[in-house]
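Novice: So I've got this file, coords_31.cif, and it contains mmCIF, C-alpha atoms and all ligand atoms:
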```cif
data_coords
loop_
_atom_site.label_atom_id
_atom_site.label_comp_id
_atom_site.auth_asym_id
_atom_site.auth_seq_id
_atom_site.Cartn_x
_atom_site.Cartn_y
_atom_site.Cartn_z
CA MET A 26 199.98 -130.91 87.82
CA ASN A 27 198.76 -129.68 91.19
CA LEU A 28 198.49 -125.95 90.55
CA GLU A 29 197.10 -125.22 94.01
CA ALA A 30 200.16 -126.86 95.63
CA ILE A 31 202.48 -124.81 93.39
CA ASN A 32 200.49 -121.70 94.34
CA ARG A 33 200.97 -122.32 98.07
CA TYR A 34 204.65 -123.14 97.53
CA ALA A 35 205.27 -119.98 95.45
CA LYS A 36 203.57 -117.75 98.02
CA SER A 37 205.67 -119.10 100.87
CA LEU A 38 208.86 -118.75 98.78
CA ILE A 39 208.01 -115.12 98.04
CA LYS A 40 207.29 -114.36 101.71
CA GLU A 41 210.60 -115.95 102.74
CA ALA A 42 212.49 -113.93 100.11
CA GLY A 43 210.73 -110.76 101.30
CA HIS A 44 211.84 -111.46 104.86
CA HIS A 45 215.44 -111.80 103.62
CA ILE A 46 215.22 -108.49 101.74
CA ARG A 47 213.83 -106.60 104.78
CA ALA A 48 216.52 -108.11 106.98
CA SER A 49 219.20 -107.03 104.49
CA PHE A 50 218.77 -103.37 105.50
CA SER A 51 220.59 -104.07 108.73
CA GLY A 52 223.59 -105.53 106.83
CA ARG A 53 225.85 -104.48 104.01
CA ILE A 54 224.45 -103.69 100.57
CA ASP A 55 226.97 -103.64 97.69
CA ILE A 56 225.89 -101.63 94.65
CA ASP A 57 227.10 -102.35 91.09
CA THR A 58 226.05 -101.01 87.72
CA LYS A 59 225.05 -103.16 84.72
CA SER A 60 224.30 -101.72 81.25
CA GLY A 61 224.86 -98.08 82.35
CA ALA A 62 225.39 -95.76 85.31
CA ASN A 63 221.68 -95.81 86.27
CA ASP A 64 221.12 -99.56 85.77
CA LEU A 65 221.78 -100.77 89.31
CA VAL A 66 222.14 -104.18 90.90
CA THR A 67 223.06 -105.21 94.45
CA ASN A 68 224.26 -108.33 96.20
CA ILE A 69 220.69 -108.68 97.52
CA ASP A 70 219.17 -108.83 93.99
CA ARG A 71 221.63 -111.64 93.23
CA GLU A 72 221.12 -113.50 96.51
CA VAL A 73 217.34 -113.42 96.20
CA GLU A 74 217.41 -114.68 92.62
CA GLN A 75 219.77 -117.51 93.61
CA PHE A 76 217.45 -118.36 96.51
CA PHE A 77 214.46 -118.70 94.13
CA ILE A 78 216.40 -120.72 91.58
CA SER A 79 217.98 -123.18 94.00
CA ARG A 80 214.64 -123.87 95.71
CA ILE A 81 212.68 -124.23 92.47
CA LYS A 82 215.33 -126.51 90.94
CA GLN A 83 215.42 -128.63 94.11
CA ASP A 84 211.64 -129.05 94.39
CA PHE A 85 210.60 -128.91 90.71
CA PRO A 86 213.61 -130.24 88.74
CA ASN A 87 211.65 -130.30 85.46
CA HIS A 88 210.63 -126.65 85.64
CA ARG A 89 212.74 -123.94 84.02
CA VAL A 90 213.46 -120.51 85.51
CA LEU A 91 214.15 -117.19 83.79
CA GLY A 92 215.62 -114.61 86.16
CA GLU A 93 216.80 -111.06 85.57
CA GLU A 94 220.26 -111.54 87.08
CA GLY A 95 221.09 -114.48 84.83
CA PHE A 96 221.36 -117.35 87.34
CA GLY A 97 218.53 -119.29 85.74
CA ASP A 98 218.03 -120.99 82.39
CA THR A 99 218.45 -119.52 78.94
CA ILE A 100 214.90 -119.44 77.68
CA GLN A 101 214.01 -119.43 74.00
CA SER A 102 210.45 -120.72 74.32
CA LEU A 103 207.79 -121.04 77.00
CA ASP A 104 207.43 -124.81 76.51
CA GLY A 105 206.79 -126.80 79.69
CA VAL A 106 206.64 -124.96 83.02
CA VAL A 107 208.58 -121.70 83.18
CA TRP A 108 208.96 -119.46 86.24
CA ILE A 109 209.87 -115.86 85.35
CA VAL A 110 211.24 -113.97 88.33
CA ASP A 111 212.47 -110.48 89.07
CA PRO A 112 214.01 -110.73 92.56
CA ILE A 113 213.80 -106.96 93.16
CA ASP A 114 211.84 -104.86 90.69
CA GLY A 115 212.72 -101.25 91.45
CA THR A 116 216.32 -101.70 92.57
CA MET A 117 216.88 -97.92 92.46
CA ASN A 118 214.03 -97.50 94.94
CA PHE A 119 215.41 -100.38 97.05
CA ILE A 120 218.74 -98.52 97.29
CA HIS A 121 217.54 -94.91 97.54
CA GLN A 122 214.15 -95.15 99.24
CA LYS A 123 214.09 -98.51 100.99
CA ARG A 124 210.50 -98.89 99.79
CA ASN A 125 208.47 -99.02 96.55
CA PHE A 126 210.09 -102.18 95.19
CA ALA A 127 208.62 -105.62 94.62
CA ILE A 128 209.29 -109.26 93.93
CA SER A 129 207.64 -110.22 90.63
CA LEU A 130 206.93 -113.82 89.67
CA GLY A 131 204.90 -115.36 86.86
CA ILE A 132 204.46 -119.09 86.28
CA PHE A 133 203.66 -120.16 82.73
CA VAL A 134 202.49 -123.61 81.62
CA GLU A 135 202.98 -124.27 77.89
CA GLY A 136 203.03 -120.51 77.30
CA VAL A 137 199.89 -119.74 79.31
CA GLY A 138 200.25 -117.52 82.39
CA MET A 139 198.70 -119.57 85.21
CA LEU A 140 199.98 -117.99 88.45
CA GLY A 141 201.06 -114.36 88.93
CA TYR A 142 202.50 -112.57 91.97
CA ILE A 143 203.72 -109.11 92.87
CA TYR A 144 204.93 -108.71 96.43
CA ASP A 145 205.30 -105.13 97.70
CA VAL A 146 207.95 -106.12 100.21
CA MET A 147 207.87 -103.17 102.62
CA ARG A 148 204.07 -102.88 102.72
CA ASP A 149 203.73 -106.67 103.01
CA ASP A 150 201.09 -106.58 100.25
CA LEU A 151 200.94 -109.72 98.12
CA TYR A 152 199.03 -109.32 94.85
CA ALA A 153 198.29 -112.77 93.45
CA ALA A 154 196.20 -114.35 90.72
CA THR A 155 195.42 -117.80 89.40
CA LYS A 156 194.19 -117.87 85.81
CA GLY A 157 190.40 -117.97 85.72
CA GLU A 158 190.02 -117.55 89.49
CA GLY A 159 190.36 -113.79 89.94
CA ALA A 160 193.05 -111.65 91.55
CA TYR A 161 193.67 -110.74 95.19
CA CYS A 162 195.62 -108.25 97.24
CA ASN A 163 196.30 -110.34 100.37
CA ASP A 164 192.84 -111.74 101.24
CA GLU A 165 190.88 -109.08 99.41
CA ARG A 166 189.50 -109.94 95.98
CA LEU A 167 190.22 -107.21 93.40
CA PRO A 168 187.11 -106.04 91.54
CA GLN A 169 186.78 -106.08 87.75
CA LEU A 170 187.93 -102.83 86.15
CA GLY A 171 185.41 -100.75 84.21
CA ALA A 172 186.03 -98.22 81.47
CA ILE A 173 186.66 -94.53 82.27
CA PRO A 174 187.42 -91.56 80.00
CA ILE A 175 190.94 -90.09 79.84
CA ARG A 176 189.81 -86.97 81.72
CA ASP A 177 189.10 -89.13 84.82
CA ALA A 178 192.26 -91.26 84.56
CA VAL A 179 195.46 -91.27 86.60
CA VAL A 180 198.18 -92.41 84.21
CA GLY A 181 201.52 -93.98 85.15
CA ILE A 182 204.19 -92.55 82.86
CA ASN A 183 207.83 -91.61 83.12
CA ALA A 184 208.70 -87.88 82.87
CA CYS A 185 211.22 -88.76 80.11
CA TRP A 186 208.40 -89.27 77.60
CA VAL A 187 207.23 -85.64 77.73
CA ALA A 188 210.66 -84.49 76.51
CA PRO A 189 212.12 -85.35 73.10
CA ASN A 190 213.43 -88.93 73.27
CA ARG A 191 214.37 -91.67 70.84
CA TYR A 192 211.49 -94.07 71.49
CA ILE A 193 208.14 -92.28 71.39
CA HIS A 194 206.76 -89.00 69.98
CA HIS A 195 206.47 -86.69 72.96
CA GLU A 196 203.83 -84.24 71.65
CA PRO A 197 200.86 -86.68 72.03
CA ILE A 198 202.17 -87.55 75.51
CA ILE A 199 202.14 -83.84 76.43
CA GLU A 200 198.48 -83.75 75.26
CA LEU A 201 197.77 -86.79 77.43
CA VAL A 202 199.35 -85.11 80.47
CA HIS A 203 197.08 -82.10 79.92
CA GLN A 204 193.95 -84.17 79.31
CA CYS A 205 194.16 -86.76 82.08
CA ARG A 206 193.34 -86.18 85.76
CA GLY A 207 196.94 -86.75 86.90
CA THR A 208 200.15 -88.66 86.34
CA ARG A 209 202.25 -90.85 88.63
CA SER A 210 205.62 -92.58 88.35
CA TYR A 211 206.55 -95.17 91.00
CA GLY A 212 209.81 -96.53 89.58
CA SER A 213 208.79 -100.19 89.68
CA ALA A 214 206.94 -101.65 86.70
CA ALA A 215 205.65 -104.47 88.91
CA ILE A 216 204.18 -102.06 91.46
CA GLU A 217 202.66 -100.00 88.65
CA LEU A 218 201.05 -103.16 87.23
CA ALA A 219 199.74 -104.03 90.70
CA TYR A 220 198.33 -100.50 91.03
CA VAL A 221 196.55 -100.68 87.65
CA SER A 222 195.12 -104.06 88.69
CA SER A 223 193.86 -102.69 92.00
CA GLY A 224 192.47 -99.46 90.48
CA ARG A 225 195.00 -97.18 92.22
CA ILE A 226 196.09 -95.89 88.83
CA ASP A 227 194.25 -96.44 85.55
CA ALA A 228 197.05 -97.02 83.04
CA TYR A 229 200.80 -97.58 82.92
CA MET A 230 203.14 -97.54 79.98
CA SER A 231 206.85 -97.93 79.38
CA THR A 232 208.98 -97.98 76.24
CA ARG A 233 211.40 -100.68 77.41
CA LEU A 234 210.51 -103.54 79.74
CA SER A 235 211.83 -107.07 80.04
CA PRO A 236 209.85 -110.29 80.53
CA TRP A 237 210.63 -110.40 84.29
CA ASP A 238 209.24 -106.86 84.79
CA ILE A 239 205.80 -107.86 83.50
CA ALA A 240 205.45 -111.66 83.84
CA GLY A 241 203.72 -111.68 87.24
CA GLY A 242 201.77 -108.49 86.62
CA ILE A 243 200.12 -109.38 83.34
CA ILE A 244 198.56 -112.51 84.85
CA ILE A 245 197.10 -110.41 87.68
CA ALA A 246 196.02 -107.61 85.32
CA GLN A 247 194.23 -109.98 82.95
CA GLU A 248 192.20 -111.44 85.83
CA VAL A 249 190.63 -108.03 86.56
CA GLY A 250 189.94 -107.22 82.91
CA ALA A 251 192.85 -104.86 82.27
CA ILE A 252 194.29 -104.90 78.74
CA ALA A 253 198.06 -105.51 78.49
CA THR A 254 199.92 -105.23 75.16
CA ASN A 255 203.03 -103.74 73.66
CA MET A 256 202.74 -100.23 72.22
CA LYS A 257 201.73 -101.69 68.85
CA GLY A 258 198.71 -103.33 70.47
CA GLU A 259 200.23 -106.82 70.22
CA LYS A 260 200.45 -109.50 72.91
CA PRO A 261 203.13 -108.72 75.52
CA ASN A 262 206.52 -110.23 74.69
CA LEU A 263 207.72 -112.73 77.31
CA LEU A 264 210.95 -113.68 75.59
CA GLU A 265 212.46 -110.28 74.77
CA GLN A 266 212.55 -106.66 75.84
CA ASP A 267 209.71 -104.65 74.29
CA THR A 268 207.42 -101.66 74.77
CA PHE A 269 204.54 -102.22 77.18
CA MET A 270 201.23 -100.71 78.18
CA VAL A 271 198.43 -101.79 80.49
CA ALA A 272 195.15 -100.01 81.18
CA ARG A 273 191.49 -100.35 81.96
CA PRO A 274 189.43 -101.56 79.00
CA GLY A 275 188.42 -98.66 76.72
CA LEU A 276 191.13 -96.42 78.11
CA HIS A 277 193.74 -98.75 76.60
CA ALA A 278 192.20 -98.32 73.14
CA ASP A 279 192.03 -94.50 73.56
CA LEU A 280 195.67 -94.28 74.61
CA LEU A 281 196.79 -96.50 71.75
CA ALA A 282 194.75 -94.59 69.17
CA HIS A 283 195.52 -91.04 70.27
CA HIS A 284 198.62 -90.82 72.45
CA VAL A 285 201.09 -93.61 71.70
CA ARG A 286 203.13 -92.96 68.57
CA LEU A 287 206.32 -94.97 68.42
CA LYS A 288 209.28 -93.63 66.44
C1 LIG B 301 213.17 -101.50 86.41
C2 LIG B 301 211.90 -100.94 87.01
C3 LIG B 301 211.61 -99.57 86.41
C4 LIG B 301 211.51 -99.64 84.89
C5 LIG B 301 212.80 -100.21 84.33
C6 LIG B 301 213.05 -101.61 84.92
P1 LIG B 301 214.70 -103.16 87.91
O1 LIG B 301 213.44 -102.81 86.93
O2 LIG B 301 210.78 -101.77 86.77
O3 LIG B 301 210.40 -99.06 86.90
O4 LIG B 301 211.30 -98.34 84.39
O5 LIG B 301 212.69 -100.31 82.94
O6 LIG B 301 214.25 -102.12 84.39
O7 LIG B 301 215.94 -102.99 87.10
O8 LIG B 301 214.64 -102.24 89.06
O9 LIG B 301 214.42 -104.58 88.23
CA CA B 302 212.69 -105.14 86.82
CA CA B 303 215.29 -106.41 89.12
#
```
Spell out the structure here as structure tokens.
Ligand code: IPD
Ligand code: CA
Ligand code: CA

Specialist:
Amino acid sequence: MNLEAINRYAKSLIKEAGHHIRASFSGRIDIDTKSGANDLVTNIDREVEQFFISRIKQDFPNHRVLGEEGFGDTIQSLDGVVWIVDPIDGTMNFIHQKRNFAISLGIFVEGVGMLGYIYDVMRDDLYAATKGEGAYCNDERLPQLGAIPIRDAVVGINACWVAPNRYIHHEPIIELVHQCRGTRSYGSAAIELAYVSSGRIDAYMSTRLSPWDIAGGIIIAQEVGAIATNMKGEKPNLLEQDTFMVARPGLHADLLAHHVRLK
């Protein structure tokens, strides 16, 4: 398999999809809800996913595609070549802010993440990694991440976790908020993974993410030495929704040991 050809192809597909999303702001955007009132989807999410799937199926008929909006294959294993795509990660931001959303794509070969992409559509920043060859933001190589203590860390968390909730004990999260340098919440798991990978924040965690939220990002994160697991410290789940955390080495172990207590 010519991975470099697939890499070039995937990048140009992502750029074309990004162009379509930017152009969509001058047209009509229809908003629907999915599992609940705050789980949003638009005609653009659907169109972009269909664009990816039709192109991939046309040019790589043996590859399978898992997409958030359900136009792709039903995936029960990562056998063969599997593309995992989130056409717009951060749909609420897409609708409300018209920025801070991304296209996320990960390409797995026999279960191994080989190519990862996060495209910050409005900034035109493409984060990309090939397994074993490092990670880039556009043409700039991202440096390896070193360890830092919690007191120097900027941590990506959702404000929901400092209030009583059904997923995670909030008291150790309150301690974390007091101990760390600062917190941020961008509303797009893919952008938060890109920011951990590029050192803009030092950790990110979420109690419920799906494979398409993390597939591109974990390949990029691993290339710069970040540690990505679920909140039990196990390998990220690429077939089902699960908890998720990613952080600089050392910091990840501290967060897991002292601040993450699942219910
Ligand atoms: C969502 C975003 C958000 C995360 C949610 C995801 P979507 O993805 O990544 O930051 O907190 O859990 O579902 O629905 O905008 O693609
Ligand atoms: Ca998503
Ligand atoms: Ca999405």

Novice: Each residue of chain A with at least one atom at most 10 Å from ligand CA 303 (chain B) should appear once, together with its nearest atom pair and the corresponding distance in Å (one decimal); atoms considered: only C-alpha atoms and all ligand atoms; ordering: chain, then increasing residue number; output as a tab-separated table.

Specialist:
```
residue	atom	partner	partner_atom	distance
A:Asp64	CA	B:CA303	CA	9.6
A:Leu65	CA	B:CA303	CA	8.6
A:Val66	CA	B:CA303	CA	7.4
A:Thr67	CA	B:CA303	CA	9.5
A:Asp70	CA	B:CA303	CA	6.7
A:Arg71	CA	B:CA303	CA	9.2
A:Glu74	CA	B:CA303	CA	9.2
A:Gly92	CA	B:CA303	CA	8.7
A:Glu93	CA	B:CA303	CA	6.0
A:Glu94	CA	B:CA303	CA	7.4
A:Val110	CA	B:CA303	CA	8.6
A:Asp111	CA	B:CA303	CA	5.0
A:Pro112	CA	B:CA303	CA	5.7
A:Ile113	CA	B:CA303	CA	4.3
A:Asp114	CA	B:CA303	CA	4.1
A:Gly115	CA	B:CA303	CA	6.2
A:Thr116	CA	B:CA303	CA	5.9
A:Met117	CA	B:CA303	CA	9.3
A:Phe119	CA	B:CA303	CA	10.0
A:Phe126	CA	B:CA303	CA	9.0
A:Ala127	CA	B:CA303	CA	8.7
A:Ile128	CA	B:CA303	CA	8.2
A:Ser129	CA	B:CA303	CA	8.7
A:Ser213	CA	B:CA303	CA	9.0
A:Ala214	CA	B:CA303	CA	9.9
A:Ala215	CA	B:CA303	CA	9.8
A:Ser235	CA	B:CA303	CA	9.7
A:Trp237	CA	B:CA303	CA	7.8
A:Asp238	CA	B:CA303	CA	7.5
```

Novice: Export, as a PDB file, in the coordinates of the input, the selected residues with C-alpha atoms.

Specialist:
```pdb
ATOM      1  CA  ASP A  64     221.120 -99.560  85.770  1.00  0.00           C
ATOM      2  CA  LEU A  65     221.780-100.770  89.310  1.00  0.00           C
ATOM      3  CA  VAL A  66     222.140-104.180  90.900  1.00  0.00           C
ATOM      4  CA  THR A  67     223.060-105.210  94.450  1.00  0.00           C
ATOM      5  CA  ASP A  70     219.170-108.830  93.990  1.00  0.00           C
ATOM      6  CA  ARG A  71     221.630-111.640  93.230  1.00  0.00           C
ATOM      7  CA  GLU A  74     217.410-114.680  92.620  1.00  0.00           C
ATOM      8  CA  GLY A  92     215.620-114.610  86.160  1.00  0.00           C
ATOM      9  CA  GLU A  93     216.800-111.060  85.570  1.00  0.00           C
ATOM     10  CA  GLU A  94     220.260-111.540  87.080  1.00  0.00           C
ATOM     11  CA  VAL A 110     211.240-113.970  88.330  1.00  0.00           C
ATOM     12  CA  ASP A 111     212.470-110.480  89.070  1.00  0.00           C
ATOM     13  CA  PRO A 112     214.010-110.730  92.560  1.00  0.00           C
ATOM     14  CA  ILE A 113     213.800-106.960  93.160  1.00  0.00           C
ATOM     15  CA  ASP A 114     211.840-104.860  90.690  1.00  0.00           C
ATOM     16  CA  GLY A 115     212.720-101.250  91.450  1.00  0.00           C
ATOM     17  CA  THR A 116     216.320-101.700  92.570  1.00  0.00           C
ATOM     18  CA  MET A 117     216.880 -97.920  92.460  1.00  0.00           C
ATOM     19  CA  PHE A 119     215.410-100.380  97.050  1.00  0.00           C
ATOM     20  CA  PHE A 126     210.090-102.180  95.190  1.00  0.00           C
ATOM     21  CA  ALA A 127     208.620-105.620  94.620  1.00  0.00           C
ATOM     22  CA  ILE A 128     209.290-109.260  93.930  1.00  0.00           C
ATOM     23  CA  SER A 129     207.640-110.220  90.630  1.00  0.00           C
ATOM     24  CA  SER A 213     208.790-100.190  89.680  1.00  0.00           C
ATOM     25  CA  ALA A 214     206.940-101.650  86.700  1.00  0.00           C
ATOM     26  CA  ALA A 215     205.650-104.470  88.910  1.00  0.00           C
ATOM     27  CA  SER A 235     211.830-107.070  80.040  1.00  0.00           C
ATOM     28  CA  TRP A 237     210.630-110.400  84.290  1.00  0.00           C
ATOM     29  CA  ASP A 238     209.240-106.860  84.790  1.00  0.00           C
TER      30      ASP A 238
END
```

Novice: For atom CA of A:Gly241 and atom CA of A:Ala62, quote the distance in Å rounded to one decimal.

Specialist: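 Separating atom CA of A:Gly241 from atom CA of A:Ala62 is a distance of 27.0 Å.
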
Novice: What is the atom CA of A:Pro174 to atom CA of A:Pro261 distance in Å?

Specialist: 23.7 Å

Novice: Distance atom CA of A:Gln83-atom CA of A:Leu130, one decimal place?

Specialist: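 Spanning atom CA of A:Gln83 to atom CA of A:Leu130 is a straight-line distance of 17.6 Å.
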
Novice: For each of A:Thr232, A:Asn190, A:Ser51, A:Ser222, take the minimum atom-to-atom distance to A:Thr268, counting all atoms listed in the file, then give the residue where this is smallest.

Specialist: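 Closest to A:Thr268, using all atoms listed in the file: A:Thr232.
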
Novice: Smallest atom-to-atom distance to A:Ile109: which of A:Gly171, A:Ser210, A:Gly61, A:Ile244, using all atoms listed in the file?

Specialist: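 Checking each candidate against A:Ile109, we get A:Ile244 as the closest.
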
Novice: Considering only C-alpha atoms, can you say which of A:Ala178, A:Gly275, A:Asp55, A:Lys123 comes closest to A:Gly224?

Specialist: A:Ala178

Novice: Rebuild stretch 180-195 of chain A to N, CA and C atoms - output it as a PDB file, in the frame of the given file, please.

Specialist:
```pdb
ATOM      1  N   VAL A 180     197.376 -91.634  85.163  1.00  0.00           N
ATOM      2  CA  VAL A 180     198.180 -92.410  84.210  1.00  0.00           C
ATOM      3  C   VAL A 180     199.629 -92.523  84.713  1.00  0.00           C
ATOM      4  N   GLY A 181     200.130 -93.737  84.743  1.00  0.00           N
ATOM      5  CA  GLY A 181     201.520 -93.980  85.150  1.00  0.00           C
ATOM      6  C   GLY A 181     202.452 -93.843  83.968  1.00  0.00           C
ATOM      7  N   ILE A 182     203.183 -92.729  83.928  1.00  0.00           N
ATOM      8  CA  ILE A 182     204.190 -92.550  82.860  1.00  0.00           C
ATOM      9  C   ILE A 182     205.449 -91.958  83.458  1.00  0.00           C
ATOM     10  N   ASN A 183     206.535 -92.141  82.714  1.00  0.00           N
ATOM     11  CA  ASN A 183     207.830 -91.610  83.120  1.00  0.00           C
ATOM     12  C   ASN A 183     207.981 -90.206  82.535  1.00  0.00           C
ATOM     13  N   ALA A 184     208.532 -89.278  83.324  1.00  0.00           N
ATOM     14  CA  ALA A 184     208.700 -87.880  82.870  1.00  0.00           C
ATOM     15  C   ALA A 184     209.541 -87.793  81.593  1.00  0.00           C
ATOM     16  N   CYS A 185     210.376 -88.799  81.331  1.00  0.00           N
ATOM     17  CA  CYS A 185     211.220 -88.760  80.110  1.00  0.00           C
ATOM     18  C   CYS A 185     210.394 -88.674  78.838  1.00  0.00           C
ATOM     19  N   TRP A 186     209.161 -89.190  78.869  1.00  0.00           N
ATOM     20  CA  TRP A 186     208.400 -89.270  77.600  1.00  0.00           C
ATOM     21  C   TRP A 186     207.728 -87.946  77.245  1.00  0.00           C
ATOM     22  N   VAL A 187     207.774 -86.945  78.111  1.00  0.00           N
ATOM     23  CA  VAL A 187     207.230 -85.640  77.730  1.00  0.00           C
ATOM     24  C   VAL A 187     208.333 -84.727  77.181  1.00  0.00           C
ATOM     25  N   ALA A 188     209.547 -85.223  77.138  1.00  0.00           N
ATOM     26  CA  ALA A 188     210.660 -84.490  76.510  1.00  0.00           C
ATOM     27  C   ALA A 188     211.065 -85.278  75.254  1.00  0.00           C
ATOM     28  N   PRO A 189     211.693 -84.607  74.290  1.00  0.00           N
ATOM     29  CA  PRO A 189     212.120 -85.350  73.100  1.00  0.00           C
ATOM     30  C   PRO A 189     212.986 -86.552  73.513  1.00  0.00           C
ATOM     31  N   ASN A 190     212.698 -87.703  72.920  1.00  0.00           N
ATOM     32  CA  ASN A 190     213.430 -88.930  73.270  1.00  0.00           C
ATOM     33  C   ASN A 190     213.445 -89.822  72.036  1.00  0.00           C
ATOM     34  N   ARG A 191     214.227 -90.901  72.082  1.00  0.00           N
ATOM     35  CA  ARG A 191     214.370 -91.670  70.840  1.00  0.00           C
ATOM     36  C   ARG A 191     213.335 -92.769  70.651  1.00  0.00           C
ATOM     37  N   TYR A 192     212.409 -92.931  71.585  1.00  0.00           N
ATOM     38  CA  TYR A 192     211.490 -94.070  71.490  1.00  0.00           C
ATOM     39  C   TYR A 192     210.079 -93.713  71.031  1.00  0.00           C
ATOM     40  N   ILE A 193     209.567 -92.562  71.559  1.00  0.00           N
ATOM     41  CA  ILE A 193     208.140 -92.280  71.390  1.00  0.00           C
ATOM     42  C   ILE A 193     207.975 -90.779  71.111  1.00  0.00           C
ATOM     43  N   HIS A 194     207.009 -90.418  70.240  1.00  0.00           N
ATOM     44  CA  HIS A 194     206.760 -89.000  69.980  1.00  0.00           C
ATOM     45  C   HIS A 194     206.201 -88.341  71.240  1.00  0.00           C
ATOM     46  N   HIS A 195     206.837 -87.257  71.666  1.00  0.00           N
ATOM     47  CA  HIS A 195     206.470 -86.690  72.960  1.00  0.00           C
ATOM     48  C   HIS A 195     205.263 -85.757  72.902  1.00  0.00           C
TER      49      HIS A 195
END
```
